[in-house]
>>> print(open('input.cif').read())   # mmCIF, C-alpha atoms
data_upload
#
loop_
_atom_site.label_atom_id
_atom_site.label_comp_id
_atom_site.auth_asym_id
_atom_site.auth_seq_id
_atom_site.Cartn_x
_atom_site.Cartn_y
_atom_site.Cartn_z
CA MET A 19 0.00 0.00 0.00
CA VAL A 20 2.82 2.41 0.87
CA PHE A 21 4.53 1.53 -2.42
CA LYS A 22 1.32 2.20 -4.37
CA LYS A 23 0.96 5.60 -2.69
CA MET A 24 4.54 6.42 -3.59
CA LEU A 25 3.96 5.42 -7.23
CA SER A 26 0.80 7.50 -7.29
CA ALA A 27 2.74 10.51 -6.05
CA PHE A 28 5.01 10.12 -9.08
CA GLY A 29 2.05 9.90 -11.43
CA VAL A 30 2.07 6.14 -11.94
CA GLY A 31 -1.48 4.77 -12.10
CA GLY A 32 -2.89 8.29 -11.75
CA PRO A 33 -5.47 10.09 -13.89
CA SER A 34 -4.79 10.97 -17.53
CA VAL A 35 -5.73 14.05 -19.56
CA ASP A 36 -6.29 14.51 -23.29
CA THR A 37 -7.59 17.73 -24.85
CA VAL A 38 -9.45 17.60 -28.16
CA LEU A 39 -9.95 20.84 -30.09
CA THR A 40 -13.08 21.16 -32.20
CA ASN A 41 -10.92 23.04 -34.71
CA PRO A 42 -7.23 23.87 -34.14
CA ASN A 43 -7.51 26.77 -36.62
CA THR A 44 -8.47 30.21 -35.37
CA ARG A 45 -7.83 33.94 -35.84
CA PRO A 46 -7.01 36.81 -33.46
CA GLY A 47 -10.16 37.87 -31.63
CA LEU A 48 -12.00 34.58 -32.23
CA THR A 49 -12.13 31.48 -29.99
CA LEU A 50 -10.76 27.99 -29.52
CA ASP A 51 -13.39 25.41 -28.59
CA GLY A 52 -12.95 21.87 -27.37
CA HIS A 53 -13.13 19.35 -24.55
CA VAL A 54 -10.69 18.29 -21.84
CA ASN A 55 -11.13 14.54 -21.48
CA LEU A 56 -10.12 12.96 -18.17
CA VAL A 57 -9.81 9.30 -17.22
CA GLY A 58 -9.43 8.32 -13.57
CA GLY A 59 -6.46 6.27 -12.43
CA ASP A 60 -6.20 3.21 -10.20
CA GLY A 61 -7.51 5.08 -7.19
CA PRO A 62 -9.57 8.17 -6.38
CA ALA A 63 -7.89 11.51 -7.07
CA ARG A 64 -8.54 15.01 -5.86
CA ILE A 65 -8.32 17.34 -8.86
CA GLU A 66 -7.48 20.83 -7.66
CA GLN A 67 -8.09 22.57 -11.00
CA VAL A 68 -7.98 22.14 -14.76
CA THR A 69 -6.48 25.01 -16.78
CA ILE A 70 -5.62 25.65 -20.40
CA GLY A 71 -3.13 28.19 -21.76
CA LEU A 72 -1.71 29.38 -25.06
CA VAL A 73 2.07 28.92 -25.30
CA THR A 74 4.60 30.01 -27.92
CA ARG A 75 8.33 30.49 -28.36
CA VAL A 76 9.67 33.99 -27.66
CA GLU A 77 13.11 35.53 -28.28
CA ILE A 78 14.47 37.15 -25.12
CA GLU A 79 17.40 39.53 -24.84
CA SER A 80 19.64 39.30 -21.80
CA GLY A 81 22.59 41.64 -21.84
CA ASP A 82 24.49 41.05 -25.07
CA SER A 83 22.96 37.62 -25.68
CA GLU A 84 19.62 36.39 -26.96
CA TYR A 85 17.87 33.10 -26.27
CA ALA A 86 14.49 31.51 -26.95
CA GLY A 87 12.06 30.44 -24.24
CA VAL A 88 8.56 28.99 -24.31
CA MET A 89 6.06 31.43 -22.79
CA GLU A 90 2.47 31.00 -21.72
CA PHE A 91 0.72 34.26 -22.60
CA HIS A 92 -2.99 33.55 -22.08
CA ARG A 93 -4.70 31.23 -19.57
CA MET A 94 -8.17 30.28 -18.45
CA GLN A 95 -9.59 27.87 -15.87
CA VAL A 96 -11.75 25.07 -17.22
CA SER A 97 -12.73 23.62 -13.85
CA GLY A 98 -12.18 24.10 -10.15
CA ALA A 99 -11.68 21.35 -7.57
CA PHE A 100 -13.50 18.02 -7.73
CA GLU A 101 -13.07 14.31 -6.99
CA LEU A 102 -12.26 11.92 -9.84
CA ALA A 103 -13.21 8.32 -9.13
CA PRO A 104 -11.09 5.34 -10.27
CA LYS A 105 -11.43 4.81 -14.05
CA GLN A 106 -14.08 7.54 -14.24
CA GLN A 107 -14.35 9.22 -17.64
CA LEU A 108 -15.17 12.92 -17.68
CA SER A 109 -15.35 15.42 -20.54
CA LEU A 110 -15.11 19.14 -19.72
CA PRO A 111 -16.14 21.57 -22.51
CA PHE A 112 -14.42 24.93 -22.91
CA GLN A 113 -14.39 28.00 -25.12
CA MET A 114 -11.28 30.17 -24.90
CA ALA A 115 -11.18 33.69 -26.33
CA VAL A 116 -8.06 34.21 -28.45
CA PRO A 117 -6.41 37.58 -27.63
CA TRP A 118 -6.50 40.14 -30.44
CA GLU A 119 -2.69 40.48 -30.30
CA THR A 120 -2.09 36.74 -30.74
CA PRO A 121 0.64 36.36 -33.38
CA ILE A 122 -0.07 34.88 -36.81
CA THR A 123 1.36 31.41 -37.31
CA ASP A 124 -0.10 30.35 -40.69
CA VAL A 125 -0.59 32.15 -44.01
CA TYR A 126 -2.16 30.56 -47.10
CA GLY A 127 -2.42 27.32 -45.14
CA GLN A 128 1.33 27.15 -44.50
CA ARG A 129 3.16 27.56 -41.21
CA LEU A 130 5.31 30.71 -41.08
CA ARG A 131 8.92 29.64 -40.69
CA GLY A 132 9.94 30.38 -37.09
CA MET A 133 6.46 30.36 -35.54
CA THR A 134 5.07 27.95 -32.95
CA MET A 135 1.78 27.90 -31.05
CA GLY A 136 0.17 25.38 -28.77
CA LEU A 137 -2.66 24.95 -26.28
CA ARG A 138 -1.33 23.50 -23.04
CA THR A 139 -3.68 21.72 -20.65
CA GLU A 140 -2.69 21.32 -17.03
CA LEU A 141 -4.36 18.92 -14.62
CA ALA A 142 -3.40 19.83 -11.05
CA VAL A 143 -3.66 16.69 -8.88
CA ALA A 144 -3.48 16.91 -5.09
CA ARG A 145 -0.44 15.17 -3.59
CA ALA A 146 0.75 13.93 -6.98
CA VAL A 147 2.62 15.03 -10.08
CA ASP A 148 0.55 17.33 -12.28
CA LYS A 149 -0.44 15.97 -15.70
CA SER A 150 -0.37 17.99 -18.91
CA ASP A 151 -1.18 17.82 -22.61
CA LEU A 152 -0.16 20.01 -25.56
CA ASP A 153 -2.06 20.52 -28.82
CA GLN A 154 -0.82 22.46 -31.82
CA VAL A 155 -2.83 25.57 -32.74
CA SER A 156 -2.82 27.49 -36.03
CA VAL A 157 -3.56 31.22 -35.97
CA HIS A 158 -4.56 32.61 -39.35
CA PRO A 159 -4.56 36.30 -40.34
CA LEU A 160 -7.55 38.61 -40.16
CA PRO A 161 -8.64 40.19 -43.47
CA VAL A 162 -6.58 43.36 -42.90
CA HIS A 163 -3.46 41.30 -42.11
CA GLU A 164 -4.04 39.15 -45.17
CA ARG A 165 -4.45 42.10 -47.54
CA ILE A 166 -1.26 43.76 -46.32
CA LEU A 167 0.72 40.51 -46.56
CA GLU A 168 -0.64 40.01 -50.08
CA ALA A 169 0.53 43.51 -50.98
CA PHE A 170 4.06 42.71 -49.80
CA GLN A 171 4.02 39.61 -51.96
CA ALA A 172 2.62 41.51 -54.97
CA LEU A 173 5.40 44.10 -54.60
CA GLY A 174 7.98 41.31 -54.86
CA PHE A 175 9.00 40.91 -51.22
CA ARG A 176 10.05 37.37 -50.26
CA PHE A 177 9.25 36.03 -46.79
CA LYS A 178 12.36 35.25 -44.74
CA HIS A 179 11.41 34.41 -41.15
CA ALA A 180 9.06 35.29 -38.31
CA ASP A 181 9.67 35.42 -34.59
CA LEU A 182 8.41 36.95 -31.36
CA GLU A 183 10.44 39.52 -29.43
CA ARG A 184 9.82 39.98 -25.72
CA GLY A 185 9.10 43.60 -24.88
CA HIS A 186 6.80 46.47 -25.79
CA ILE A 187 6.99 48.89 -28.70
CA TYR A 188 7.30 52.44 -27.47
CA GLY A 189 4.04 54.37 -27.77
CA VAL A 190 1.98 51.42 -29.03
CA PRO A 191 -0.72 50.04 -26.68
CA GLN A 192 0.01 46.36 -26.05
CA THR A 193 -1.55 43.76 -23.78
CA LEU A 194 0.85 40.88 -24.49
CA PRO A 195 4.49 40.83 -23.29
CA PHE A 196 5.90 40.40 -26.81
CA TYR A 197 5.40 41.48 -30.43
CA GLN A 198 5.75 39.62 -33.71
CA GLU A 199 8.26 40.48 -36.42
CA ILE A 200 7.57 39.13 -39.92
CA GLU A 201 10.78 39.55 -41.91
CA PHE A 202 11.04 39.96 -45.69
CA PHE A 203 13.92 40.16 -48.14
CA ALA A 204 13.64 43.44 -50.03
CA ALA A 205 11.90 43.44 -53.40
CA PRO A 206 14.15 44.30 -56.38
CA GLN A 207 12.79 47.85 -56.78
CA TYR A 208 13.77 48.64 -53.18
CA ALA A 209 17.02 46.66 -53.08
CA ARG A 210 19.27 49.67 -53.63
CA THR A 211 17.70 51.36 -50.60
CA VAL A 212 16.93 48.57 -48.12
CA SER A 213 18.11 45.02 -47.53
CA GLU A 214 15.24 43.73 -45.36
CA VAL A 215 11.89 44.86 -43.99
CA GLU A 216 10.34 43.74 -40.72
CA LEU A 217 6.55 43.96 -40.41
CA THR A 218 4.76 44.06 -37.04
CA PHE A 219 1.00 43.96 -36.44
CA VAL A 220 -0.40 45.05 -33.07
CA THR A 221 -4.10 44.25 -33.31
CA SER A 222 -7.05 45.46 -31.23
CA PRO A 223 -10.85 45.20 -31.61
CA GLN A 224 -10.78 48.56 -33.44
CA GLY A 225 -8.00 47.91 -35.93
CA VAL A 226 -4.31 47.27 -36.46
CA GLU A 227 -1.17 49.25 -35.75
CA VAL A 228 1.28 48.46 -38.56
CA ILE A 229 4.94 49.03 -37.74
CA LEU A 230 7.54 48.82 -40.51
CA GLU A 231 11.24 48.58 -39.76
CA CYS A 232 13.47 48.92 -42.81
CA ASP A 233 17.16 48.01 -42.72
CA LYS A 234 18.46 50.86 -44.83
CA ARG A 235 21.64 50.31 -46.79
CA GLY A 236 24.61 52.59 -46.23
CA GLY A 237 26.13 54.73 -48.97
CA PHE A 238 29.70 55.61 -49.89
CA LEU A 239 29.94 58.17 -47.11
CA SER A 240 27.19 56.95 -44.75
CA ALA A 241 26.61 53.88 -42.59
CA GLY A 242 23.56 51.69 -42.81
CA HIS A 243 20.78 52.24 -40.29
CA ASP A 244 17.20 51.25 -39.47
CA VAL A 245 14.17 53.44 -40.09
CA VAL A 246 10.70 52.90 -38.67
CA GLY A 247 7.20 53.86 -39.78
CA ARG A 248 3.89 53.39 -37.97
CA TYR A 249 0.40 53.36 -39.51
CA SER A 250 -3.07 52.84 -37.98
CA ILE A 251 -5.66 50.86 -39.95
CA PRO A 252 -9.32 50.27 -38.95
CA HIS A 253 -10.59 46.74 -39.62
CA GLY A 254 -13.20 48.11 -42.00
CA GLU A 255 -10.52 49.38 -44.39
CA ALA A 256 -9.45 45.84 -45.33
CA ALA A 257 -11.85 45.33 -48.23
CA ARG A 258 -12.15 48.98 -49.33
CA THR A 259 -8.47 49.67 -49.98
CA ASP A 260 -6.08 48.89 -52.83
CA TRP A 261 -3.23 47.84 -50.59
CA VAL A 262 -0.41 47.58 -53.11
CA PRO A 263 -0.01 51.37 -53.65
CA VAL A 264 -0.68 52.01 -49.95
CA VAL A 265 2.08 49.66 -48.79
CA ASP A 266 4.40 50.98 -51.52
CA GLY A 267 3.74 54.49 -50.21
CA TRP A 268 4.48 53.43 -46.64
CA LEU A 269 7.78 51.90 -47.67
CA ARG A 270 8.88 54.88 -49.75
CA GLU A 271 7.90 57.31 -47.01
CA THR A 272 9.67 55.25 -44.33
CA THR A 273 12.86 54.67 -46.29
CA GLY A 274 12.97 58.34 -47.25
CA ARG A 275 13.56 59.29 -43.65
CA TYR A 276 17.01 59.88 -42.27
CA GLY A 277 18.49 61.30 -39.11
CA ASN A 278 17.15 61.46 -35.60
CA LEU A 279 13.95 59.37 -35.53
CA ARG A 280 13.05 60.71 -32.12
CA THR A 281 12.24 64.13 -33.60
CA GLN A 282 10.14 62.98 -36.53
CA GLY A 283 6.40 62.32 -36.85
CA PHE A 284 5.34 59.17 -38.67
CA GLY A 285 2.48 59.38 -41.12
CA MET A 286 -0.78 57.49 -41.36
CA PRO A 287 -2.97 56.81 -44.36
CA HIS A 288 -5.52 59.50 -45.24
CA GLY A 289 -3.30 62.30 -43.91
CA GLY A 290 -3.14 61.27 -40.26
CA GLY A 291 -0.04 61.33 -38.09
CA HIS A 292 1.53 59.79 -35.03
CA GLY A 293 4.49 60.75 -32.93
CA TYR A 294 6.76 57.73 -32.65
CA PRO A 295 9.92 58.47 -30.68
CA GLY A 296 12.53 55.75 -30.61
CA HIS A 297 13.11 52.47 -32.36
CA HIS A 298 11.34 49.19 -31.79
CA GLY A 299 13.83 46.77 -33.37
CA ARG A 300 16.14 44.60 -31.35
CA ARG A 301 19.19 46.00 -33.18
CA GLY A 302 18.24 49.62 -32.73
CA PRO A 303 19.58 52.08 -30.17
CA GLY A 304 17.78 52.54 -26.90
CA MET A 305 16.11 49.14 -26.76
CA GLY A 306 16.27 49.27 -22.98
CA GLY A 307 14.15 52.40 -23.03
CA MET A 308 11.78 50.92 -25.59
CA VAL A 309 10.99 47.83 -23.57
CA ALA A 310 8.49 48.36 -20.79
CA GLY A 311 6.84 46.04 -18.32
CA ALA A 312 9.59 43.43 -18.18
CA ALA A 313 8.07 41.85 -15.07
CA LEU A 314 5.37 39.47 -16.26
CA GLY A 315 2.31 38.20 -14.44
CA VAL A 316 0.79 34.74 -14.30
CA ALA A 317 -0.14 34.81 -17.98
CA GLY A 318 3.36 35.84 -19.03
CA GLY A 319 5.64 33.41 -17.25
CA MET A 320 8.09 31.06 -18.87
CA VAL A 321 6.87 27.50 -19.27
CA ALA A 322 9.38 24.75 -18.63
CA GLY A 323 9.28 21.10 -19.59
CA GLU A 324 10.79 18.82 -22.18
CA MET A 325 7.33 17.88 -23.40
CA ILE A 326 6.58 21.43 -24.55
CA GLU A 327 10.00 22.05 -26.09
CA GLY A 328 9.88 18.66 -27.83
CA ALA A 329 6.48 19.36 -29.32
CA PHE A 330 7.84 22.53 -30.92
CA GLU A 331 10.97 20.93 -32.39
CA GLY A 332 11.18 21.05 -36.15
CA GLY A 333 8.67 23.89 -36.45
CA ASP A 334 11.13 26.11 -38.36
CA ASP A 335 11.37 23.97 -41.48
CA SER A 336 8.08 24.97 -43.06
CA GLY A 337 8.24 26.42 -46.54
CA ASP A 338 7.74 30.01 -47.60
CA PHE A 339 4.15 31.22 -47.77
CA GLY A 340 2.63 31.92 -51.15
CA GLU A 341 4.46 31.55 -54.43
CA GLU A 342 7.97 32.76 -55.04
#
>>> encode(input="input.cif", output="structure tokens")
Amino acid sequence: MVFKKMLSAFGVGGPSVDTVLTNPNTRPGLTLDGHVNLVGGDGPARIEQVTIGLVTRVEIESGDSEYAGVMEFHRMQVSGAFELAPKQQLSLPFQMAVPWETPITDVYGQRLRGMTMGLRTELAVARAVDKSDLDQVSVHPLPVHERILEAFQALGFRFKHADLERGHIYGVPQTLPFYQEIEFFAAPQYARTVSEVELTFVTSPQGVEVILECDKRGGFLSAGHDVVGRYSIPHGEAARTDWVPVVDGWLRETTGRYGNLRTQGFGMPHGGGHGYPGHHGRRGPGMGGMVAGAALGVAGGMVAGEMIEGAFEGGDDSGDFGEE
């Protein structure tokens, strides 16, 4: 009996958990629906709570080095405490709201190289090892994201890589502790001016903040540098706008800037304007000042465990989205 209790404490013969998503595909601002399926173990178990959380891989700067960690950024409780009888089968339904700022992982049905996303289920068992499950999730773009990405492709930009950077962009309202950078090789008509462009979406129920960071090439007498532009787009503009000339205008306006970015205003479509002091890129000056809120709460902690890391291995080998 003592031996059985000891085994139970290590999770042997204990309850099991398996989460089944109704559909693993979603978009920012929508939901993920499914069931958490539990099966009791050899003996009765006191379940303290059942929680689910969205997890992803985030790049984190520490001093002069950078490393990747798996972060849980959104969590909800599926159930509170209850008793699970031996071999009892129980199915707990859930509907989780997907945050508006959730990064895009898939475009045109293909995983963006560098992106990972999963739904982690945690079964907290009293006096025993907690059980967990991880299911892959695909986050597809909203119409405004899709139109802007299509414009980049139509202009000849080639997708390079996407990742998440821990931190906040100066002056941009954010609820998540990171932002996404979608990197492109410059299209031929811009190649003399820039080498790469990084695109960031910060989405809200009202619209999208679009941040462009262009790696501007140096000249014979000048060094290369980064320039940044910021543009605010309501969701309703997605279908009413010809995005190719708009994005081309953004790029030409942004790359035309030079000098002290802290003193310049950055334009918006339709004649608007924003002040945008500083630089949001990880290579830019003043990153320490740009990053705010480094201390993260419960929904922003790092998630450990070989199971999670293992499930995300090999996620960077997906092909480019769209046609070359």
>>> atom_distance(input="input.cif", atom1="CA of Leu182 in chain A", atom2="CA of Gly225 in chain A")
20.3 Å
>>> closest_residue(input="input.cif", among="A:Gly185, A:Gly127, A:Pro263, A:Pro252", to="Val157 in chain A", atoms="only C-alpha atoms")
A:Gly127
>>> resolve_selection(input="input.cif", expression="the PyMOL selection byres ((chain A and resi 111-119) around 10)", output="PyMOL selection string")
chain A and resi 37-40+44-55+70-72+91-97+108-110+120-122+157+160+192-194+196-198+219-226
>>> residues_around(input="input.cif", residues="range 98-106 of chain A", least_positions_apart="5", cutoff="8 Å", atoms="all atoms listed in the file", output="number ranges by chain")
A: 33, 56-68
>>> resolve_selection(input="input.cif", expression="the PyMOL selection byres ((chain A and resi 256) around 10)", output="PyMOL selection string")
chain A and resi 160-166+225+251-255+257-261
>>> atom_distance(input="input.cif", atom1="CA of Thr123 in chain A", atom2="CA of Phe175 in chain A")
18.5 Å
>>> build_atoms(input="input.cif", residues="range 166-177 of chain A", atoms="all heavy atoms", output="PDB file, in the frame of the given file")
ATOM      1  N   ILE A 166      -2.568  43.110 -46.379  1.00  0.00           N
ATOM      2  CA  ILE A 166      -1.260  43.760 -46.320  1.00  0.00           C
ATOM      3  C   ILE A 166      -0.154  42.765 -46.678  1.00  0.00           C
ATOM      4  O   ILE A 166       0.793  43.097 -47.408  1.00  0.00           O
ATOM      5  CB  ILE A 166      -1.036  44.377 -44.923  1.00  0.00           C
ATOM      6  CG1 ILE A 166      -2.004  45.552 -44.715  1.00  0.00           C
ATOM      7  CG2 ILE A 166       0.413  44.844 -44.752  1.00  0.00           C
ATOM      8  CD1 ILE A 166      -2.038  46.107 -43.310  1.00  0.00           C
ATOM      9  N   LEU A 167      -0.258  41.534 -46.191  1.00  0.00           N
ATOM     10  CA  LEU A 167       0.720  40.510 -46.560  1.00  0.00           C
ATOM     11  C   LEU A 167       0.677  40.232 -48.060  1.00  0.00           C
ATOM     12  O   LEU A 167       1.723  40.043 -48.700  1.00  0.00           O
ATOM     13  CB  LEU A 167       0.455  39.230 -45.767  1.00  0.00           C
ATOM     14  CG  LEU A 167       0.757  39.296 -44.268  1.00  0.00           C
ATOM     15  CD1 LEU A 167       0.207  38.065 -43.558  1.00  0.00           C
ATOM     16  CD2 LEU A 167       2.257  39.425 -44.016  1.00  0.00           C
ATOM     17  N   GLU A 168      -0.520  40.201 -48.636  1.00  0.00           N
ATOM     18  CA  GLU A 168      -0.640  40.010 -50.080  1.00  0.00           C
ATOM     19  C   GLU A 168       0.014  41.147 -50.841  1.00  0.00           C
ATOM     20  O   GLU A 168       0.624  40.930 -51.908  1.00  0.00           O
ATOM     21  CB  GLU A 168      -2.120  39.893 -50.466  1.00  0.00           C
ATOM     22  CG  GLU A 168      -2.763  38.571 -50.044  1.00  0.00           C
ATOM     23  CD  GLU A 168      -4.268  38.572 -50.265  1.00  0.00           C
ATOM     24  OE1 GLU A 168      -4.829  39.641 -50.616  1.00  0.00           O
ATOM     25  OE2 GLU A 168      -4.886  37.509 -50.072  1.00  0.00           O
ATOM     26  N   ALA A 169      -0.099  42.364 -50.318  1.00  0.00           N
ATOM     27  CA  ALA A 169       0.530  43.510 -50.980  1.00  0.00           C
ATOM     28  C   ALA A 169       2.046  43.380 -50.962  1.00  0.00           C
ATOM     29  O   ALA A 169       2.704  43.689 -51.974  1.00  0.00           O
ATOM     30  CB  ALA A 169       0.094  44.810 -50.288  1.00  0.00           C
ATOM     31  N   PHE A 170       2.609  42.931 -49.848  1.00  0.00           N
ATOM     32  CA  PHE A 170       4.060  42.710 -49.800  1.00  0.00           C
ATOM     33  C   PHE A 170       4.479  41.696 -50.855  1.00  0.00           C
ATOM     34  O   PHE A 170       5.484  41.879 -51.558  1.00  0.00           O
ATOM     35  CB  PHE A 170       4.479  42.236 -48.409  1.00  0.00           C
ATOM     36  CG  PHE A 170       4.859  43.341 -47.479  1.00  0.00           C
ATOM     37  CD1 PHE A 170       3.897  43.980 -46.706  1.00  0.00           C
ATOM     38  CD2 PHE A 170       6.175  43.758 -47.360  1.00  0.00           C
ATOM     39  CE1 PHE A 170       4.236  45.020 -45.856  1.00  0.00           C
ATOM     40  CE2 PHE A 170       6.532  44.794 -46.520  1.00  0.00           C
ATOM     41  CZ  PHE A 170       5.560  45.432 -45.756  1.00  0.00           C
ATOM     42  N   GLN A 171       3.702  40.636 -50.974  1.00  0.00           N
ATOM     43  CA  GLN A 171       4.020  39.610 -51.960  1.00  0.00           C
ATOM     44  C   GLN A 171       3.890  40.170 -53.379  1.00  0.00           C
ATOM     45  O   GLN A 171       4.748  39.921 -54.240  1.00  0.00           O
ATOM     46  CB  GLN A 171       3.103  38.412 -51.775  1.00  0.00           C
ATOM     47  CG  GLN A 171       3.467  37.228 -52.671  1.00  0.00           C
ATOM     48  CD  GLN A 171       2.472  36.097 -52.509  1.00  0.00           C
ATOM     49  OE1 GLN A 171       1.282  36.317 -52.320  1.00  0.00           O
ATOM     50  NE2 GLN A 171       2.948  34.876 -52.600  1.00  0.00           N
ATOM     51  N   ALA A 172       2.836  40.944 -53.639  1.00  0.00           N
ATOM     52  CA  ALA A 172       2.620  41.510 -54.970  1.00  0.00           C
ATOM     53  C   ALA A 172       3.732  42.489 -55.337  1.00  0.00           C
ATOM     54  O   ALA A 172       4.066  42.638 -56.524  1.00  0.00           O
ATOM     55  CB  ALA A 172       1.259  42.209 -55.029  1.00  0.00           C
ATOM     56  N   LEU A 173       4.305  43.154 -54.359  1.00  0.00           N
ATOM     57  CA  LEU A 173       5.400  44.100 -54.600  1.00  0.00           C
ATOM     58  C   LEU A 173       6.737  43.390 -54.800  1.00  0.00           C
ATOM     59  O   LEU A 173       7.738  44.031 -55.093  1.00  0.00           O
ATOM     60  CB  LEU A 173       5.497  45.091 -53.440  1.00  0.00           C
ATOM     61  CG  LEU A 173       4.384  46.136 -53.368  1.00  0.00           C
ATOM     62  CD1 LEU A 173       4.391  46.853 -52.023  1.00  0.00           C
ATOM     63  CD2 LEU A 173       4.518  47.145 -54.515  1.00  0.00           C
ATOM     64  N   GLY A 174       6.760  42.072 -54.609  1.00  0.00           N
ATOM     65  CA  GLY A 174       7.980  41.310 -54.860  1.00  0.00           C
ATOM     66  C   GLY A 174       8.801  40.979 -53.636  1.00  0.00           C
ATOM     67  O   GLY A 174       9.906  40.448 -53.763  1.00  0.00           O
ATOM     68  N   PHE A 175       8.275  41.261 -52.442  1.00  0.00           N
ATOM     69  CA  PHE A 175       9.000  40.910 -51.220  1.00  0.00           C
ATOM     70  C   PHE A 175       8.921  39.401 -50.999  1.00  0.00           C
ATOM     71  O   PHE A 175       7.880  38.782 -51.241  1.00  0.00           O
ATOM     72  CB  PHE A 175       8.431  41.649 -50.014  1.00  0.00           C
ATOM     73  CG  PHE A 175       8.819  43.094 -49.959  1.00  0.00           C
ATOM     74  CD1 PHE A 175       8.079  44.034 -50.664  1.00  0.00           C
ATOM     75  CD2 PHE A 175       9.911  43.509 -49.224  1.00  0.00           C
ATOM     76  CE1 PHE A 175       8.438  45.372 -50.633  1.00  0.00           C
ATOM     77  CE2 PHE A 175      10.267  44.843 -49.187  1.00  0.00           C
ATOM     78  CZ  PHE A 175       9.544  45.780 -49.892  1.00  0.00           C
ATOM     79  N   ARG A 176      10.010  38.802 -50.544  1.00  0.00           N
ATOM     80  CA  ARG A 176      10.050  37.370 -50.260  1.00  0.00           C
ATOM     81  C   ARG A 176      10.139  37.162 -48.746  1.00  0.00           C
ATOM     82  O   ARG A 176      10.990  37.760 -48.070  1.00  0.00           O
ATOM     83  CB  ARG A 176      11.246  36.701 -50.932  1.00  0.00           C
ATOM     84  CG  ARG A 176      11.120  36.622 -52.446  1.00  0.00           C
ATOM     85  CD  ARG A 176      12.266  35.824 -53.050  1.00  0.00           C
ATOM     86  NE  ARG A 176      13.563  36.410 -52.740  1.00  0.00           N
ATOM     87  CZ  ARG A 176      14.487  35.835 -51.989  1.00  0.00           C
ATOM     88  NH1 ARG A 176      14.260  34.656 -51.421  1.00  0.00           N
ATOM     89  NH2 ARG A 176      15.644  36.426 -51.782  1.00  0.00           N
ATOM     90  N   PHE A 177       9.260  36.331 -48.220  1.00  0.00           N
ATOM     91  CA  PHE A 177       9.250  36.030 -46.790  1.00  0.00           C
ATOM     92  C   PHE A 177      10.549  35.359 -46.379  1.00  0.00           C
ATOM     93  O   PHE A 177      11.030  34.441 -47.039  1.00  0.00           O
ATOM     94  CB  PHE A 177       8.053  35.138 -46.460  1.00  0.00           C
ATOM     95  CG  PHE A 177       8.050  34.618 -45.048  1.00  0.00           C
ATOM     96  CD1 PHE A 177       7.759  35.462 -43.991  1.00  0.00           C
ATOM     97  CD2 PHE A 177       8.362  33.295 -44.782  1.00  0.00           C
ATOM     98  CE1 PHE A 177       7.765  34.998 -42.694  1.00  0.00           C
ATOM     99  CE2 PHE A 177       8.371  32.819 -43.485  1.00  0.00           C
ATOM    100  CZ  PHE A 177       8.070  33.677 -42.437  1.00  0.00           C
TER     101      PHE A 177
END
